[in-house]
Amino acid sequence: MKQDAYELLGVGRGADEREIKKAFRVVARELHPDVNSHDPEAEEKFKAAAEAYEVLSDADRRAVYDRHGWDGLDSRGFQPGGGQGSGSFSDIFEAFFGGDPFGGGGGPTAVQGGDAGVEVEISLEQAARGEQVEVSFDAVATCERCHGNRAEPGTPIETCERCGGAGRLRAVSQTAFGQMVRAMACDRCGGEGKVATTPCGECAGRGLRALRRELTVDVPAGIADEQRMRLSGRGHAGERGGPAGDLFVLVRVAEDERFLRDGSDLVAVVDVPAPAAALGTTVTVPTLDGDEEIEVAAGTQPGEVVTLRGRGMPLVGRRGRVGDQRVVLNVVIPRNLSARQRELLEELGNSVTEENLRRPEAESIFSRVRRALR
Ligand SMILES: [Zn+2]
Ligand SMILES: [Zn+2]
C-alpha cells in the first residue's frame, strides 16, 4: 500500500501550487540522499516524496490522483519518477542547487562592483549653506591600458580551451534521479570564455586597477554631522559588464565653538553682567551671518532665552524651512569685588524689597498653570 501523496509532502488536500512546491522543497532538503548517506531509507523516502511532487505539481495528474489514487495514474500510463524529461525537474534541481539546471547557455557572469567610502569634513557655515566638496578616494576602476579585456594591447585573445568559450563548466553528478548536470563558472577564464595570451602589464591581467579618483560632491544645506550620502554607481567598477558599486560619503561637520547644534536650531550663550541684566542693555551675539546686536530687557534673569527666528540651519530636503537660533543669556554675577564695589553692592542689597524680586505676572508659573487649566 503506497503512502498518500499529500501525506508524503505534509500538505492538505486543498493546498495550492505554491504550498505544494514549498512543502516539497522542505521535504527534499531533509531527505536528500547526499545528506542522509547514513540512513539507508532516506533514498527510498526521497524517491517517494519526489514522486508525490511529480503528481501534485501537475494539474492533470493531480486531478486523476484525486479521483483514483495511485492506481488511476498507473493505469493511465503516467510514469512518475522524475528524470530529465519531466516538467518539474528544474524545480527539483533548484531545491538543491538554487540555480538554473541548464546553465543559462554560458556567457560571462557580470559581477557588481563593491561600495567605496570616503570622509569629508566641512565647517558649520558650509553645512548651513550647502557646499560643493572635492573628495578623492581609491577605487577599483577598469584598467585604462587594456580597457578591461585583460590582454596586453596588440596581443591575441584566445577562446578558453577549458570551457570551449562557453564560460561555464558542467559538473555531472549521480543522484536519485540519475545524472544531474550542474553548471558553474569556468575557473580558467573566470566565466569570460576567452583568455589573454599575454596578460596586460598594467593590471596583471585582472582588467581592473585601483585608481585615485577625484569627485565633486554636492553636500546639501543643513546636513547633520556624521550623515552619510550615497552616490549611486560611484564606487568600485564592476566586472564583466557588471554595474559599479556605490560611493558612501561620510560628512563630518566640524565643531564650532560659538554654537551648539540642536537639530536645525543653533544655540549660542552670551554673558550679561548682572547689573546690566538688571538695567537692560544690548549684547553682541554671533550668528551664521556675522555678529549681531540684540536687546536685553531690564530685569533679564539667568538662563532666559532670546529666539532669533529663521537664523538656524536649513532643514535638508525641505525647501525654505530653516531652524531658529536661540540665545541663552548667561547672567554673570561679578567676582573679585573692590572695596568700593562691595560698598555699592551692600547698599544695593540693603535697598532690595519684595517688589524687586517679584516675577512679572505673565511669567509666574502659577499664572501659566491657571491659564492651562481654564
Ligand atoms: Zn589592463
Ligand atoms: Zn573557460
# chains A, B, ... in the order shown; residues from 1 in each chain; ligands from 1

call {"tool": "residues_around", "arguments": {"residues": "range 299-304 of chain A", "least_positions_apart": "6", "cutoff": "10 Å", "atoms": "only C-alpha atoms", "output": "list in words"}}
result
Val269, Val270, Asp271, Val272, Ala274, Pro275, Ala276, Ala277, Ala278, Leu279, Gly280, Thr281, Arg326, Val327, Val328, Leu329, Asn330, Val331, Val332, Ile333, Asn356, Leu357, Arg359 and Pro360 of chain A

call {"tool": "residues_near_ligand", "arguments": {"ligand": "ligand 2", "cutoff": "7 Å", "atoms": "only C-alpha atoms and all ligand atoms", "output": "mmCIF file with all heavy atoms, in the first residue's frame"}}
result
data_model
loop_
_atom_site.group_PDB
_atom_site.id
_atom_site.type_symbol
_atom_site.label_atom_id
_atom_site.label_comp_id
_atom_site.auth_asym_id
_atom_site.auth_seq_id
_atom_site.Cartn_x
_atom_site.Cartn_y
_atom_site.Cartn_z
ATOM 1 N N CYS A 160 38.863 30.174 -24.586
ATOM 2 C CA CYS A 160 39.326 29.345 -23.462
ATOM 3 C C CYS A 160 39.229 27.871 -23.823
ATOM 4 O O CYS A 160 38.191 27.393 -24.267
ATOM 5 C CB CYS A 160 38.474 29.657 -22.236
ATOM 6 S SG CYS A 160 38.803 28.581 -20.838
ATOM 7 N N GLU A 161 40.344 27.171 -23.649
ATOM 8 C CA GLU A 161 40.364 25.750 -24.005
ATOM 9 C C GLU A 161 39.526 24.918 -23.040
ATOM 10 O O GLU A 161 38.912 23.932 -23.414
ATOM 11 C CB GLU A 161 41.800 25.217 -23.933
ATOM 12 C CG GLU A 161 42.682 25.700 -25.057
ATOM 13 C CD GLU A 161 44.149 25.434 -24.727
ATOM 14 O OE1 GLU A 161 44.422 24.633 -23.821
ATOM 15 O OE2 GLU A 161 45.018 26.044 -25.385
ATOM 16 N N ARG A 162 39.558 25.327 -21.813
ATOM 17 C CA ARG A 162 38.926 24.527 -20.776
ATOM 18 C C ARG A 162 37.412 24.426 -20.946
ATOM 19 O O ARG A 162 36.832 23.363 -20.806
ATOM 20 C CB ARG A 162 39.267 25.123 -19.419
ATOM 21 C CG ARG A 162 38.951 24.243 -18.262
ATOM 22 C CD ARG A 162 39.649 24.804 -17.026
ATOM 23 N NE ARG A 162 39.129 24.199 -15.823
ATOM 24 C CZ ARG A 162 39.511 23.015 -15.364
ATOM 25 N NH1 ARG A 162 40.416 22.336 -16.013
ATOM 26 N NH2 ARG A 162 38.979 22.529 -14.269
ATOM 27 N N CYS A 163 36.776 25.566 -21.267
ATOM 28 C CA CYS A 163 35.307 25.563 -21.364
ATOM 29 C C CYS A 163 34.860 25.699 -22.804
ATOM 30 O O CYS A 163 33.663 25.788 -23.074
ATOM 31 C CB CYS A 163 34.723 26.681 -20.508
ATOM 32 S SG CYS A 163 35.227 28.326 -21.065
ATOM 33 N N GLY A 164 35.816 25.778 -23.719
ATOM 34 C CA GLY A 164 35.463 25.911 -25.129
ATOM 35 C C GLY A 164 34.774 27.223 -25.440
ATOM 36 O O GLY A 164 34.023 27.335 -26.400
ATOM 37 N N GLY A 165 34.984 28.218 -24.592
ATOM 38 C CA GLY A 165 34.418 29.545 -24.853
ATOM 39 C C GLY A 165 33.059 29.771 -24.232
ATOM 40 O O GLY A 165 32.501 30.857 -24.315
ATOM 41 N N ALA A 166 32.507 28.738 -23.606
ATOM 42 C CA ALA A 166 31.175 28.881 -23.017
ATOM 43 C C ALA A 166 31.220 29.667 -21.709
ATOM 44 O O ALA A 166 30.227 30.236 -21.278
ATOM 45 C CB ALA A 166 30.562 27.505 -22.760
ATOM 46 N N GLY A 167 32.376 29.685 -21.058
ATOM 47 C CA GLY A 167 32.496 30.388 -19.777
ATOM 48 C C GLY A 167 31.995 29.552 -18.616
ATOM 49 O O GLY A 167 32.083 29.951 -17.474
ATOM 50 N N ARG A 168 31.427 28.383 -18.945
ATOM 51 C CA ARG A 168 30.880 27.545 -17.875
ATOM 52 C C ARG A 168 31.355 26.118 -18.005
ATOM 53 O O ARG A 168 31.597 25.639 -19.104
ATOM 54 C CB ARG A 168 29.352 27.546 -17.951
ATOM 55 C CG ARG A 168 28.800 28.837 -17.466
ATOM 56 C CD ARG A 168 27.307 28.860 -17.608
ATOM 57 N NE ARG A 168 26.829 30.123 -17.128
ATOM 58 C CZ ARG A 168 26.152 30.269 -15.996
ATOM 59 N NH1 ARG A 168 25.855 29.217 -15.268
ATOM 60 N NH2 ARG A 168 25.754 31.451 -15.610
ATOM 61 N N CYS A 186 33.653 28.863 -15.322
ATOM 62 C CA CYS A 186 34.934 28.228 -15.656
ATOM 63 C C CYS A 186 36.035 28.843 -14.811
ATOM 64 O O CYS A 186 36.139 30.054 -14.683
ATOM 65 C CB CYS A 186 35.229 28.436 -17.141
ATOM 66 S SG CYS A 186 36.885 27.924 -17.624
ATOM 67 N N ASP A 187 36.870 27.994 -14.213
ATOM 68 C CA ASP A 187 37.909 28.521 -13.314
ATOM 69 C C ASP A 187 39.125 29.059 -14.073
ATOM 70 O O ASP A 187 39.907 29.814 -13.534
ATOM 71 C CB ASP A 187 38.325 27.462 -12.275
ATOM 72 C CG ASP A 187 38.767 26.158 -12.938
ATOM 73 O OD1 ASP A 187 38.683 26.066 -14.185
ATOM 74 O OD2 ASP A 187 39.176 25.243 -12.218
ATOM 75 N N ARG A 188 39.254 28.693 -15.327
ATOM 76 C CA ARG A 188 40.418 29.187 -16.077
ATOM 77 C C ARG A 188 40.175 30.602 -16.585
ATOM 78 O O ARG A 188 41.010 31.478 -16.436
ATOM 79 C CB ARG A 188 40.716 28.238 -17.244
ATOM 80 C CG ARG A 188 41.772 28.776 -18.187
ATOM 81 C CD ARG A 188 42.766 27.717 -18.634
ATOM 82 N NE ARG A 188 43.968 28.356 -19.154
ATOM 83 C CZ ARG A 188 44.149 28.646 -20.444
ATOM 84 N NH1 ARG A 188 43.226 28.344 -21.334
ATOM 85 N NH2 ARG A 188 45.253 29.245 -20.825
ATOM 86 N N CYS A 189 39.002 30.843 -17.200
ATOM 87 C CA CYS A 189 38.737 32.154 -17.809
ATOM 88 C C CYS A 189 37.825 33.002 -16.926
ATOM 89 O O CYS A 189 37.494 34.125 -17.273
ATOM 90 C CB CYS A 189 38.098 31.969 -19.178
ATOM 91 S SG CYS A 189 36.491 31.144 -19.095
ATOM 92 N N GLY A 190 37.440 32.463 -15.784
ATOM 93 C CA GLY A 190 36.582 33.224 -14.870
ATOM 94 C C GLY A 190 35.221 33.517 -15.454
ATOM 95 O O GLY A 190 34.573 34.489 -15.096
ATOM 96 N N GLY A 191 34.756 32.679 -16.383
ATOM 97 C CA GLY A 191 33.430 32.872 -16.955
ATOM 98 C C GLY A 191 33.443 33.707 -18.219
ATOM 99 O O GLY A 191 32.419 33.907 -18.854
ATOM 100 N N GLU A 192 34.627 34.190 -18.578
ATOM 101 C CA GLU A 192 34.750 35.078 -19.732
ATOM 102 C C GLU A 192 34.640 34.303 -21.052
ATOM 103 O O GLU A 192 34.193 34.844 -22.061
ATOM 104 C CB GLU A 192 36.103 35.774 -19.672
ATOM 105 C CG GLU A 192 36.182 37.054 -20.438
ATOM 106 C CD GLU A 192 35.634 38.221 -19.648
ATOM 107 O OE1 GLU A 192 35.967 38.359 -18.455
ATOM 108 O OE2 GLU A 192 34.866 38.995 -20.230
ATOM 109 N N GLY A 193 35.103 33.066 -21.064
ATOM 110 C CA GLY A 193 35.093 32.286 -22.302
ATOM 111 C C GLY A 193 36.315 32.570 -23.164
ATOM 112 O O GLY A 193 36.549 31.921 -24.169
ATOM 113 N N LYS A 194 37.068 33.601 -22.757
ATOM 114 C CA LYS A 194 38.253 33.992 -23.526
ATOM 115 C C LYS A 194 39.426 34.185 -22.580
ATOM 116 O O LYS A 194 39.244 34.536 -21.424
ATOM 117 C CB LYS A 194 37.994 35.310 -24.265
ATOM 118 C CG LYS A 194 37.034 35.166 -25.424
ATOM 119 C CD LYS A 194 36.639 36.511 -25.984
ATOM 120 C CE LYS A 194 35.631 37.211 -25.101
ATOM 121 N NZ LYS A 194 35.073 38.420 -25.630
#

call {"tool": "closest_residue", "arguments": {"among": "A:Glu41, A:Glu346, A:Asp16, A:Glu152", "to": "ligand 1", "atoms": "only C-alpha atoms and all ligand atoms"}}
result
A:Glu152

call {"tool": "residues_near_ligand", "arguments": {"ligand": "ligand 1", "cutoff": "10 Å", "atoms": "only C-alpha atoms and all ligand atoms", "output": "list of chain:residue names"}}
result
A:Thr142, A:Cys143, A:Glu144, A:Arg145, A:Cys146, A:His147, A:Gly148, A:Asn149, A:Arg150, A:Ala151, A:Glu152, A:Pro153, A:Pro199, A:Cys200, A:Gly201, A:Glu202, A:Cys203, A:Ala204, A:Gly205, A:Arg206, A:Gly207, A:Leu208, A:Arg209
